[in-house]
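Engineer: Structure supplied as run.cif; contents: mmCIF, C-alpha atoms.
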data_model
#
loop_
_atom_site.group_PDB
_atom_site.id
_atom_site.type_symbol
_atom_site.label_atom_id
_atom_site.label_comp_id
_atom_site.auth_asym_id
_atom_site.auth_seq_id
_atom_site.Cartn_x
_atom_site.Cartn_y
_atom_site.Cartn_z
ATOM 1 C CA MET A 270 10.156 0.005 -9.494
ATOM 2 C CA ILE A 271 9.992 -3.606 -8.339
ATOM 3 C CA THR A 272 6.604 -5.297 -7.968
ATOM 4 C CA ILE A 273 6.215 -8.317 -5.695
ATOM 5 C CA LEU A 274 2.892 -10.100 -5.992
ATOM 6 C CA GLY A 275 1.437 -13.448 -5.003
ATOM 7 C CA PRO A 276 -1.509 -15.125 -3.337
ATOM 8 C CA THR A 277 -2.363 -14.773 0.325
ATOM 9 C CA ALA A 278 -0.003 -16.629 2.700
ATOM 10 C CA SER A 279 2.859 -16.707 0.179
ATOM 11 C CA GLY A 280 5.175 -14.489 2.257
ATOM 12 C CA LYS A 281 5.224 -11.419 -0.013
ATOM 13 C CA THR A 282 5.624 -8.740 2.633
ATOM 14 C CA PRO A 283 8.631 -10.159 4.551
ATOM 15 C CA LEU A 284 10.335 -10.707 1.191
ATOM 16 C CA ALA A 285 9.624 -7.140 0.080
ATOM 17 C CA ALA A 286 10.965 -5.841 3.396
ATOM 18 C CA ALA A 287 14.161 -7.909 3.166
ATOM 19 C CA LEU A 288 14.688 -6.680 -0.382
ATOM 20 C CA ALA A 289 14.001 -3.080 0.612
ATOM 21 C CA LYS A 290 16.667 -3.200 3.283
ATOM 22 C CA ARG A 291 19.227 -4.489 0.771
ATOM 23 C CA ILE A 292 18.555 -1.890 -1.939
ATOM 24 C CA GLY A 293 17.319 1.110 0.020
ATOM 25 C CA GLY A 294 13.679 0.668 -0.914
ATOM 26 C CA GLU A 295 10.299 1.686 0.449
ATOM 27 C CA ILE A 296 7.166 -0.435 0.180
ATOM 28 C CA ILE A 297 3.925 0.722 -1.414
ATOM 29 C CA SER A 298 1.129 -1.606 -0.372
ATOM 30 C CA ALA A 299 -1.278 -3.028 -2.958
ATOM 31 C CA ASP A 300 -3.838 -4.458 -0.549
ATOM 32 C CA SER A 301 -7.441 -3.295 -0.826
ATOM 33 C CA ARG A 302 -8.230 -3.859 2.864
ATOM 34 C CA GLN A 303 -5.055 -2.871 4.687
ATOM 35 C CA VAL A 304 -5.891 0.752 3.880
ATOM 36 C CA TYR A 305 -8.344 0.694 6.805
ATOM 37 C CA ARG A 306 -7.299 1.762 10.290
ATOM 38 C CA ARG A 307 -7.956 -0.637 13.193
ATOM 39 C CA MET A 308 -8.700 -3.478 10.781
ATOM 40 C CA ASP A 309 -5.428 -5.159 11.625
ATOM 41 C CA ILE A 310 -5.748 -8.845 12.476
ATOM 42 C CA GLY A 311 -8.394 -9.650 9.896
ATOM 43 C CA THR A 312 -6.430 -8.059 7.063
ATOM 44 C CA GLY A 313 -3.126 -9.648 8.092
ATOM 45 C CA LYS A 314 -1.652 -6.230 8.714
ATOM 46 C CA ASP A 315 1.309 -7.540 10.674
ATOM 47 C CA LEU A 316 3.616 -4.539 10.924
ATOM 48 C CA ALA A 317 6.321 -6.882 12.249
ATOM 49 C CA ASP A 318 6.623 -8.058 8.640
ATOM 50 C CA TYR A 319 8.066 -4.646 7.805
ATOM 51 C CA THR A 320 10.811 -5.007 10.406
ATOM 52 C CA VAL A 321 14.042 -6.632 9.253
ATOM 53 C CA GLY A 322 16.581 -7.860 11.787
ATOM 54 C CA GLU A 323 16.386 -8.110 15.561
ATOM 55 C CA GLY A 324 17.308 -6.039 18.584
ATOM 56 C CA GLU A 325 19.558 -3.068 17.909
ATOM 57 C CA ASP A 326 19.964 -4.181 14.307
ATOM 58 C CA ALA A 327 16.198 -4.119 13.620
ATOM 59 C CA THR A 328 15.121 -1.804 10.814
ATOM 60 C CA LEU A 329 11.533 -0.707 10.186
ATOM 61 C CA ILE A 330 11.106 -0.409 6.420
ATOM 62 C CA PRO A 331 9.123 2.678 5.364
ATOM 63 C CA HIS A 332 5.740 1.673 3.966
ATOM 64 C CA HIS A 333 2.872 3.522 2.338
ATOM 65 C CA LEU A 334 -0.905 3.159 1.775
ATOM 66 C CA ILE A 335 -1.569 1.326 5.022
ATOM 67 C CA ASP A 336 -3.950 2.825 7.634
ATOM 68 C CA ILE A 337 -5.058 5.695 5.408
ATOM 69 C CA CYS A 338 -8.852 5.656 5.832
ATOM 70 C CA GLU A 339 -11.546 4.835 8.367
ATOM 71 C CA PRO A 340 -13.478 1.563 8.633
ATOM 72 C CA GLY A 341 -16.975 1.794 7.214
ATOM 73 C CA THR A 342 -15.871 3.826 4.196
ATOM 74 C CA LYS A 343 -15.730 2.367 0.698
ATOM 75 C CA TYR A 344 -12.204 2.724 -0.642
ATOM 76 C CA ASN A 345 -11.956 2.021 -4.377
ATOM 77 C CA LEU A 346 -9.624 1.670 -7.335
ATOM 78 C CA PHE A 347 -9.937 5.309 -8.393
ATOM 79 C CA GLN A 348 -8.767 6.459 -4.958
ATOM 80 C CA TYR A 349 -5.979 3.894 -4.962
ATOM 81 C CA GLN A 350 -4.587 5.138 -8.261
ATOM 82 C CA GLN A 351 -4.435 8.673 -6.895
ATOM 83 C CA ASP A 352 -2.892 7.575 -3.609
ATOM 84 C CA PHE A 353 -0.373 5.354 -5.379
ATOM 85 C CA ALA A 354 0.796 8.232 -7.581
ATOM 86 C CA ARG A 355 1.409 10.386 -4.514
ATOM 87 C CA ALA A 356 3.196 7.592 -2.628
ATOM 88 C CA TYR A 357 5.346 6.776 -5.671
ATOM 89 C CA ASP A 358 6.494 10.385 -5.959
ATOM 90 C CA ILE A 359 7.242 10.511 -2.224
ATOM 91 C CA VAL A 360 9.414 7.393 -2.427
ATOM 92 C CA LEU A 361 11.339 8.831 -5.378
ATOM 93 C CA SER A 362 11.824 12.109 -3.497
ATOM 94 C CA HIS A 363 13.579 10.055 -0.796
ATOM 95 C CA ASN A 364 15.954 8.647 -3.454
ATOM 96 C CA ALA A 365 14.570 5.228 -2.587
ATOM 97 C CA VAL A 366 13.444 2.352 -4.810
ATOM 98 C CA PRO A 367 9.645 1.923 -4.884
ATOM 99 C CA ILE A 368 8.596 -1.670 -4.158
ATOM 100 C CA LEU A 369 4.939 -2.336 -4.926
ATOM 101 C CA CYS A 370 3.806 -5.302 -2.839
ATOM 102 C CA GLY A 371 0.440 -6.966 -2.426
ATOM 103 C CA GLY A 372 -2.154 -9.408 -3.604
ATOM 104 C CA THR A 373 -4.937 -7.203 -4.972
ATOM 105 C CA GLY A 374 -4.473 -7.962 -8.652
ATOM 106 C CA LEU A 375 -6.850 -5.244 -9.817
ATOM 107 C CA TYR A 376 -4.863 -2.519 -8.059
ATOM 108 C CA ILE A 377 -1.534 -3.890 -9.259
ATOM 109 C CA GLU A 378 -2.608 -4.229 -12.876
ATOM 110 C CA ALA A 379 -4.203 -0.788 -12.967
ATOM 111 C CA VAL A 380 -0.934 0.753 -11.751
ATOM 112 C CA LEU A 381 1.373 -1.287 -13.974
ATOM 113 C CA GLY A 382 -0.881 -0.856 -16.992
ATOM 114 C CA GLY A 383 -1.142 2.895 -16.537
ATOM 115 C CA TYR A 384 -4.930 2.713 -16.693
ATOM 116 C CA GLN A 385 -7.010 5.839 -16.367
ATOM 117 C CA LEU A 386 -10.201 5.277 -14.443
ATOM 118 C CA SER A 387 -12.977 7.828 -14.191
ATOM 119 C CA PRO A 388 -14.981 7.672 -10.958
ATOM 120 C CA VAL A 389 -18.483 6.270 -11.420
ATOM 121 C CA PRO A 390 -20.936 8.096 -9.129
ATOM 122 C CA GLN A 391 -23.578 6.286 -7.153
ATOM 123 C CA ASP A 392 -26.945 5.983 -8.879
ATOM 124 C CA PRO A 393 -29.731 6.315 -6.257
ATOM 125 C CA GLU A 394 -32.447 5.264 -8.700
ATOM 126 C CA LEU A 395 -30.530 2.145 -9.719
ATOM 127 C CA ARG A 396 -29.847 1.284 -6.085
ATOM 128 C CA ALA A 397 -33.526 1.660 -5.246
ATOM 129 C CA ARG A 398 -34.455 -0.701 -8.087
ATOM 130 C CA LEU A 399 -31.891 -3.292 -6.998
ATOM 131 C CA GLU A 400 -32.651 -3.113 -3.286
ATOM 132 C CA GLY A 401 -34.057 -6.396 -2.067
ATOM 133 C CA LYS A 402 -32.596 -8.527 -4.839
ATOM 134 C CA SER A 403 -30.605 -11.558 -3.735
ATOM 135 C CA LEU A 404 -26.870 -11.936 -4.297
ATOM 136 C CA PRO A 405 -27.397 -14.682 -6.944
ATOM 137 C CA GLU A 406 -29.802 -12.387 -8.833
ATOM 138 C CA LEU A 407 -27.348 -9.484 -8.686
ATOM 139 C CA THR A 408 -24.470 -11.726 -9.731
ATOM 140 C CA GLN A 409 -26.455 -12.932 -12.735
ATOM 141 C CA MET A 410 -27.114 -9.307 -13.740
ATOM 142 C CA LEU A 411 -23.420 -8.489 -13.377
ATOM 143 C CA VAL A 412 -22.331 -11.439 -15.499
ATOM 144 C CA ALA A 413 -24.775 -10.394 -18.237
ATOM 145 C CA LEU A 414 -23.513 -6.796 -18.164
ATOM 146 C CA LYS A 415 -19.903 -7.924 -18.331
ATOM 147 C CA ALA A 416 -20.703 -10.091 -21.336
ATOM 148 C CA LYS A 417 -22.265 -7.098 -23.116
ATOM 149 C CA ASN A 418 -19.386 -4.805 -22.191
ATOM 150 C CA GLY A 419 -16.667 -7.325 -22.982
ATOM 151 C CA THR A 420 -14.858 -6.227 -19.824
ATOM 152 C CA HIS A 421 -12.459 -8.078 -17.578
ATOM 153 C CA MET A 422 -11.409 -5.247 -15.260
ATOM 154 C CA HIS A 423 -13.742 -3.686 -12.752
ATOM 155 C CA ASN A 424 -13.760 -3.025 -9.043
ATOM 156 C CA THR A 425 -15.448 -6.276 -8.031
ATOM 157 C CA THR A 426 -12.634 -8.131 -6.319
ATOM 158 C CA ASP A 427 -14.194 -10.590 -3.850
ATOM 159 C CA VAL A 428 -17.808 -9.759 -4.737
ATOM 160 C CA ASP A 429 -19.563 -11.731 -2.042
ATOM 161 C CA THR A 430 -22.163 -9.300 -0.717
ATOM 162 C CA ALA A 431 -25.162 -7.572 -2.268
ATOM 163 C CA GLN A 432 -23.561 -4.168 -1.619
ATOM 164 C CA ARG A 433 -20.453 -5.072 -3.588
ATOM 165 C CA ALA A 434 -22.513 -6.563 -6.416
ATOM 166 C CA ILE A 435 -24.683 -3.435 -6.690
ATOM 167 C CA ARG A 436 -21.572 -1.246 -6.824
ATOM 168 C CA ALA A 437 -20.110 -3.499 -9.515
ATOM 169 C CA ILE A 438 -23.312 -3.177 -11.555
ATOM 170 C CA GLU A 439 -23.096 0.620 -11.207
ATOM 171 C CA ILE A 440 -19.571 0.548 -12.563
ATOM 172 C CA GLU A 441 -20.464 -1.750 -15.446
ATOM 173 C CA LEU A 442 -23.420 0.441 -16.424
ATOM 174 C CA GLY A 443 -21.185 3.491 -16.179
ATOM 175 C CA GLN A 444 -18.735 1.789 -18.483
ATOM 176 C CA ARG A 445 -21.480 1.144 -21.042
ATOM 177 C CA HIS A 446 -22.193 4.861 -21.182
ATOM 178 C CA SER A 447 -18.506 5.787 -21.102
ATOM 179 C CA PRO A 448 -16.504 3.331 -23.244
ATOM 180 C CA THR A 449 -13.223 5.070 -22.359
ATOM 181 C CA LEU A 450 -13.690 4.424 -18.647
ATOM 182 C CA LEU A 451 -10.599 2.242 -18.470
ATOM 183 C CA LYS A 452 -7.689 2.861 -20.841
ATOM 184 C CA PRO A 453 -3.967 3.598 -20.872
ATOM 185 C CA SER A 454 -3.401 6.909 -19.145
ATOM 186 C CA PRO A 455 -2.119 9.700 -21.412
ATOM 187 C CA SER A 456 -0.289 11.367 -18.539
ATOM 188 C CA GLY A 457 1.087 10.798 -15.047
ATOM 189 C CA ASN A 458 3.193 7.797 -14.085
ATOM 190 C CA THR A 459 2.747 6.084 -17.445
ATOM 191 C CA ASN A 460 6.244 4.595 -17.395
ATOM 192 C CA VAL A 461 5.778 2.826 -14.061
ATOM 193 C CA GLY A 462 4.598 -0.465 -15.565
ATOM 194 C CA ALA A 463 7.133 -0.534 -18.373
ATOM 195 C CA ALA A 464 9.946 0.213 -15.939
ATOM 196 C CA SER A 465 8.865 -2.256 -13.268
ATOM 197 C CA LEU A 466 10.335 -5.673 -12.686
ATOM 198 C CA ILE A 467 7.439 -7.952 -11.698
ATOM 199 C CA VAL A 468 8.212 -10.842 -9.353
ATOM 200 C CA GLY A 469 5.624 -13.421 -8.338
ATOM 201 C CA VAL A 470 5.950 -15.579 -5.229
ATOM 202 C CA ALA A 471 4.920 -19.100 -6.227
ATOM 203 C CA ILE A 472 3.655 -21.406 -3.510
ATOM 204 C CA ASP A 473 2.487 -24.998 -3.882
ATOM 205 C CA ARG A 474 -1.295 -25.329 -3.629
ATOM 206 C CA GLU A 475 -1.234 -27.790 -0.728
ATOM 207 C CA LEU A 476 1.354 -25.784 1.201
ATOM 208 C CA ARG A 477 -0.701 -22.643 0.586
ATOM 209 C CA ARG A 478 -3.817 -24.350 1.953
ATOM 210 C CA GLU A 479 -1.888 -25.554 5.004
ATOM 211 C CA LYS A 480 -0.522 -22.063 5.702
ATOM 212 C CA ILE A 481 -3.936 -20.449 5.239
ATOM 213 C CA THR A 482 -5.531 -22.794 7.783
ATOM 214 C CA ARG A 483 -2.688 -22.365 10.265
ATOM 215 C CA ARG A 484 -2.760 -18.588 9.871
ATOM 216 C CA LEU A 485 -6.538 -18.433 10.307
ATOM 217 C CA LYS A 486 -6.287 -20.326 13.612
ATOM 218 C CA ALA A 487 -3.509 -17.975 14.740
ATOM 219 C CA ARG A 488 -5.510 -14.863 13.871
ATOM 220 C CA LEU A 489 -8.498 -16.116 15.810
ATOM 221 C CA ASP A 490 -6.222 -16.856 18.782
ATOM 222 C CA GLU A 491 -4.753 -13.352 18.473
ATOM 223 C CA GLY A 492 -8.160 -11.728 18.929
ATOM 224 C CA MET A 493 -9.784 -11.361 15.524
ATOM 225 C CA VAL A 494 -13.252 -11.820 17.033
ATOM 226 C CA ASP A 495 -12.569 -9.088 19.598
ATOM 227 C CA GLU A 496 -11.328 -6.830 16.802
ATOM 228 C CA VAL A 497 -14.656 -7.198 14.992
ATOM 229 C CA ARG A 498 -16.578 -6.626 18.239
ATOM 230 C CA SER A 499 -14.597 -3.412 18.821
ATOM 231 C CA LEU A 500 -15.381 -2.152 15.313
ATOM 232 C CA LEU A 501 -19.083 -2.874 15.827
ATOM 233 C CA ALA A 502 -18.927 -1.122 19.211
ATOM 234 C CA GLU A 503 -17.607 1.986 17.449
ATOM 235 C CA GLY A 504 -20.920 2.160 15.635
ATOM 236 C CA ILE A 505 -19.867 0.608 12.341
ATOM 237 C CA ALA A 506 -22.901 -1.165 10.911
ATOM 238 C CA PRO A 507 -22.637 -4.963 10.547
ATOM 239 C CA GLU A 508 -23.456 -4.691 6.836
ATOM 240 C CA ASP A 509 -20.545 -2.295 6.397
ATOM 241 C CA LEU A 510 -18.172 -4.847 7.910
ATOM 242 C CA THR A 511 -19.558 -7.731 5.862
ATOM 243 C CA TYR A 512 -18.933 -5.553 2.787
ATOM 244 C CA TYR A 513 -15.200 -6.114 3.273
ATOM 245 C CA GLY A 514 -15.649 -9.858 2.812
ATOM 246 C CA LEU A 515 -13.609 -12.803 4.080
ATOM 247 C CA GLU A 516 -12.681 -12.466 7.770
ATOM 248 C CA TYR A 517 -14.908 -9.455 8.394
ATOM 249 C CA LYS A 518 -17.920 -11.004 6.715
ATOM 250 C CA TYR A 519 -17.825 -14.345 8.508
ATOM 251 C CA VAL A 520 -16.674 -13.141 11.920
ATOM 252 C CA THR A 521 -19.404 -10.471 11.854
ATOM 253 C CA LEU A 522 -21.967 -13.162 11.045
ATOM 254 C CA TYR A 523 -20.659 -15.119 14.046
ATOM 255 C CA VAL A 524 -20.643 -12.128 16.403
ATOM 256 C CA THR A 525 -24.198 -11.182 15.390
ATOM 257 C CA GLY A 526 -25.410 -14.732 16.031
ATOM 258 C CA GLN A 527 -26.009 -15.789 12.438
ATOM 259 C CA LEU A 528 -23.320 -18.483 12.443
ATOM 260 C CA SER A 529 -21.894 -20.761 15.102
ATOM 261 C CA TYR A 530 -18.151 -20.609 15.763
ATOM 262 C CA ASP A 531 -17.538 -23.867 13.908
ATOM 263 C CA GLU A 532 -19.685 -22.745 10.952
ATOM 264 C CA MET A 533 -17.810 -19.448 10.843
ATOM 265 C CA PHE A 534 -14.428 -21.149 10.861
ATOM 266 C CA ARG A 535 -15.351 -23.709 8.234
ATOM 267 C CA GLN A 536 -17.002 -21.248 5.839
ATOM 268 C CA LEU A 537 -14.244 -18.667 6.287
ATOM 269 C CA GLU A 538 -11.515 -21.228 5.670
ATOM 270 C CA ILE A 539 -13.191 -22.273 2.419
ATOM 271 C CA ALA A 540 -13.675 -18.632 1.377
ATOM 272 C CA ILE A 541 -9.986 -17.798 1.907
ATOM 273 C CA HIS A 542 -8.903 -20.841 -0.114
ATOM 274 C CA GLN A 543 -11.226 -19.731 -2.920
ATOM 275 C CA PHE A 544 -9.892 -16.178 -2.675
ATOM 276 C CA ALA A 545 -6.285 -17.376 -3.048
ATOM 277 C CA LYS A 546 -7.320 -19.365 -6.109
ATOM 278 C CA ARG A 547 -8.956 -16.261 -7.620
ATOM 279 C CA GLN A 548 -5.784 -14.281 -6.947
ATOM 280 C CA MET A 549 -3.734 -16.780 -8.930
ATOM 281 C CA THR A 550 -6.324 -16.732 -11.717
ATOM 282 C CA TRP A 551 -5.936 -12.951 -11.911
ATOM 283 C CA PHE A 552 -2.135 -13.117 -12.015
ATOM 284 C CA ARG A 553 -2.236 -15.739 -14.781
ATOM 285 C CA GLY A 554 -4.622 -13.444 -16.617
ATOM 286 C CA MET A 555 -2.117 -10.611 -16.274
ATOM 287 C CA GLU A 556 0.458 -12.810 -17.983
ATOM 288 C CA ARG A 557 -1.962 -13.455 -20.837
ATOM 289 C CA ARG A 558 -2.507 -9.715 -21.083
ATOM 290 C CA GLY A 559 1.191 -9.143 -21.641
ATOM 291 C CA PHE A 560 2.699 -8.640 -18.173
ATOM 292 C CA ARG A 561 5.931 -10.601 -17.665
ATOM 293 C CA ILE A 562 5.960 -12.117 -14.175
ATOM 294 C CA HIS A 563 9.153 -13.778 -12.923
ATOM 295 C CA TRP A 564 8.051 -16.500 -10.501
ATOM 296 C CA ILE A 565 10.258 -17.564 -7.609
ATOM 297 C CA ASP A 566 9.736 -20.418 -5.159
ATOM 298 C CA ALA A 567 8.215 -19.305 -1.847
ATOM 299 C CA THR A 568 9.989 -22.117 0.030
ATOM 300 C CA LEU A 569 13.504 -20.942 -0.807
ATOM 301 C CA PRO A 570 15.542 -19.392 2.034
ATOM 302 C CA MET A 571 14.951 -15.645 2.308
ATOM 303 C CA GLU A 572 18.492 -14.728 1.298
ATOM 304 C CA GLN A 573 18.261 -16.880 -1.820
ATOM 305 C CA LYS A 574 14.972 -15.265 -2.823
ATOM 306 C CA VAL A 575 16.460 -11.801 -2.341
ATOM 307 C CA GLN A 576 19.505 -12.763 -4.406
ATOM 308 C CA GLU A 577 17.292 -14.062 -7.222
ATOM 309 C CA ILE A 578 15.363 -10.792 -7.301
ATOM 310 C CA LEU A 579 18.571 -8.746 -7.233
ATOM 311 C CA SER A 580 19.914 -10.734 -10.188
ATOM 312 C CA LEU A 581 16.678 -10.175 -12.112
ATOM 313 C CA TYR A 582 16.677 -6.494 -11.175
ATOM 314 C CA ASN A 583 20.224 -5.908 -12.367
ATOM 315 C CA LYS A 584 19.395 -7.535 -15.707
ATOM 316 C CA HIS A 585 16.211 -5.483 -15.860
ATOM 317 C CA LEU A 586 18.154 -2.255 -15.305
ATOM 318 C CA ASP A 587 20.707 -3.229 -17.944
ATOM 319 C CA ASN A 588 17.982 -3.943 -20.482
ATOM 320 C CA ASN A 589 16.281 -0.609 -19.778
ATOM 321 C CA CYS A 590 19.570 1.236 -20.192
ATOM 322 C CA ASN A 591 20.238 -0.471 -23.513
ATOM 323 C CA ASN A 592 16.770 0.214 -24.900
#
Represent the structure contained in this file as structure tokens.
Structural biologist:
Amino acid sequence: MITILGPTASGKTPLAAALAKRIGGEIISADSRQVYRRMDIGTGKDLADYTVGEGEDATLIPHHLIDICEPGTKYNLFQYQQDFARAYDIVLSHNAVPILCGGTGLYIEAVLGGYQLSPVPQDPELRARLEGKSLPELTQMLVALKAKNGTHMHNTTDVDTAQRAIRAIEIELGQRHSPTLLKPSPSGNTNVGAASLIVGVAIDRELRREKITRRLKARLDEGMVDEVRSLLAEGIAPEDLTYYGLEYKYVTLYVTGQLSYDEMFRQLEIAIHQFAKRQMTWFRGMERRGFRIHWIDATLPMEQKVQEILSLYNKHLDNNCNN
């Protein structure tokens, strides 16, 4: 397997698609929000990124784990691990090369590390006790629990709502009572991580910020506000949309009259910049935890990036054959 990771706006998906066309690959998404149907603009689910070439020569690259559940539901790491295993087997059954691509570091590391995660059930009594507490109070509780547990992996990516923080506290408490909650899996696709070449798309901080701002303006022009209005019109509760964070949090606050348009844009822009920084922090942490990431320059021409990955992949295959 080849893994392509990087922060938001680094151009991961078009690169994965170009590579897939060259080697006969299929893409398995590692994005925690693109799993939701009809949440397209806000998640950057541009299916044109999976199309390589133009006109009669255009090829739609097969992709998995996109549009697999309904908005309003709470997809999690445990479900992702199960869905990834099924998608991985499907890709292999097609005699294709699996290409894991995305920016959700938790999902990527759990797959590559072969972690086994037991589902932590909801705790109604705990939720009742925590109801009404502010996000800073919940965050303080979570930090204290993490310090006691000595954990660095939990399903709290982009914890910016009370709902997410309460769920994170549930998981941390579950981990205290079940120390083997997260560990190398004794069965299943345990060789996926060891056999995967990991490529990171490196983008200069200032260029990344410029692309994020430009992309945010484009998404708003493309109808991101109308997308949120449509989801609310379906009957999805505003708090369920804000749970997803970033675009859905701030645009929902705008649509429901809690922020002006300018406040929404400014706060959302800052939040996305902070999110990209957290993504890079996670990937650097993966390197400290023993994952070898080969970084390539995002600004290189597409063909040169593909060639660099192919060269790395051939060496990777040779090393695996010799070991």
Engineer: Could you check the closest approach to A:Asp509 for each of A:Arg558, A:Arg306, A:His563, A:Arg433 and tell me which residue wins, using all atoms listed in the file?
Structural biologist: A:Arg433
Engineer: Write out as a tab-separated table the residues of stretch 471-558 of chain A that have any atom within 12 Å of an atom of stretch 377-393 of chain A, one row each with the nearest atom pair and its distance in Å to one decimal, counting all atoms listed in the file, sorted by chain and then rising number.
Structural biologist:
residue	atom	partner	partner_atom	distance
A:Gln548	CA	A:Ile377	CA	11.5
A:Trp551	CA	A:Glu378	CA	9.4
A:Phe552	CA	A:Glu378	CA	8.9
A:Arg553	CA	A:Glu378	CA	11.7
A:Gly554	CA	A:Glu378	CA	10.1
A:Met555	CA	A:Glu378	CA	7.2
A:Glu556	CA	A:Glu378	CA	10.4
A:Arg558	CA	A:Glu378	CA	9.9
Engineer: Choose the residue, out of A:Val575, A:Ile541, A:Ala487, A:Val304, that has the smallest atom-to-atom separation from A:Pro283; count all atoms listed in the file.
Structural biologist: A:Val575
Engineer: Just so the selection is clear, what residues does the PyMOL selection byres ((chain A and resi 399) around 12) cover here, as a tab-separated table (two decimals) with C-alpha atoms, in the frame of the given file?
Structural biologist:
chain	number	residue	atom	x	y	z
A	392	ASP	CA	-26.94	5.98	-8.88
A	393	PRO	CA	-29.73	6.32	-6.26
A	394	GLU	CA	-32.45	5.26	-8.70
A	395	LEU	CA	-30.53	2.14	-9.72
A	396	ARG	CA	-29.85	1.28	-6.08
A	397	ALA	CA	-33.53	1.66	-5.25
A	398	ARG	CA	-34.46	-0.70	-8.09
A	400	GLU	CA	-32.65	-3.11	-3.29
A	401	GLY	CA	-34.06	-6.40	-2.07
A	402	LYS	CA	-32.60	-8.53	-4.84
A	403	SER	CA	-30.60	-11.56	-3.74
A	404	LEU	CA	-26.87	-11.94	-4.30
A	406	GLU	CA	-29.80	-12.39	-8.83
A	407	LEU	CA	-27.35	-9.48	-8.69
A	408	THR	CA	-24.47	-11.73	-9.73
A	410	MET	CA	-27.11	-9.31	-13.74
A	411	LEU	CA	-23.42	-8.49	-13.38
A	431	ALA	CA	-25.16	-7.57	-2.27
A	432	GLN	CA	-23.56	-4.17	-1.62
A	434	ALA	CA	-22.51	-6.56	-6.42
A	435	ILE	CA	-24.68	-3.44	-6.69
A	436	ARG	CA	-21.57	-1.25	-6.82
A	438	ILE	CA	-23.31	-3.18	-11.56
A	439	GLU	CA	-23.10	0.62	-11.21
Engineer: Suppose you want the space between atom CA of A:Leu569 and atom CA of A:Ala545; what is it in Å?
Structural biologist: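 Computing the Euclidean distance for atom CA of A:Leu569 and atom CA of A:Ala545 yields 20.2 Å.
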Engineer: Could you please determine the separation between atom CA of A:Ser362 and atom CA of A:Thr272 in Å, to one decimal place?
Structural biologist: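 Between atom CA of A:Ser362 and atom CA of A:Thr272 the gap works out to 18.7 Å.
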Engineer: Using only C-alpha atoms, can you tell me which of A:Ile505, A:Ile273, A:Cys590, A:Ala365 comes closest to A:Asp300?
Structural biologist: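 Between A:Ile505, A:Ile273, A:Cys590, A:Ala365, the residue approaching A:Asp300 most closely is A:Ile273.
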Engineer: What separation in Å, quoted to one decimal, exists between atom CA of A:Ile296 and atom CA of A:Trp564?
Structural biologist: 19.3 Å
Engineer: Using only C-alpha atoms, which residues sit within 10 Å of A:Ile292 once same-chain residues fewer than 5 positions away are excluded, as number ranges by chain?
Structural biologist: A: 287, 365-366, 579
Engineer: Would you list the residues near (-23.5, -2.9, 14.9), meaning any protein, DNA or RNA residue with an atom at most 10 Å from that point in file coordinates, counting all atoms listed in the file, as number ranges by chain?
Structural biologist: A: 497-510, 521, 524-525
Engineer: In terms of the shortest atom-to-atom distance over only C-alpha atoms, which of A:Gly526, A:Gly322, A:Gly469, A:Gly492 is closest to A:Cys370?
Structural biologist: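 Checking each of A:Gly526, A:Gly322, A:Gly469, A:Gly492 against A:Cys370, counting only C-alpha atoms, the winner is A:Gly469.
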Engineer: Would you pick out the contacts of A:His585 at 12 Å or less, using only C-alpha atoms, so that residues sharing its chain but fewer than 3 positions from it are not included, and give the list as a PyMOL selection string?
Structural biologist: chain A and resi 270-271+463-468+561+563+578-582+588-592
Engineer: Report as a short mmCIF file (atom, residue, chain, number, x, y, z; two decimals) with C-alpha atoms, in the frame of the given file all protein, DNA and RNA residues lying within 7 Å of A:His333, evaluated on all atoms listed in the file, omitting residues in the same chain fewer than 5 positions from it.
Structural biologist:
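Written file, out.cif:
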data_model
loop_
_atom_site.label_atom_id
_atom_site.label_comp_id
_atom_site.auth_asym_id
_atom_site.auth_seq_id
_atom_site.Cartn_x
_atom_site.Cartn_y
_atom_site.Cartn_z
CA ILE A 296 7.17 -0.44 0.18
CA ILE A 297 3.92 0.72 -1.41
CA SER A 298 1.13 -1.61 -0.37
CA ALA A 356 3.20 7.59 -2.63
#
Engineer: I need every residue sitting at most 7 Å from the point (11.2, 3.9, -6.1) (coordinates as in the file, all atoms listed in the file considered), written as a list in words.
Structural biologist: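 Counting all atoms listed in the file, I find these residues within 7 Å of (11.2, 3.9, -6.1): Met270, Gly294, Glu295, Tyr357, Val360, Leu361, Ala365, Val366, Pro367 and Ile368 of chain A.
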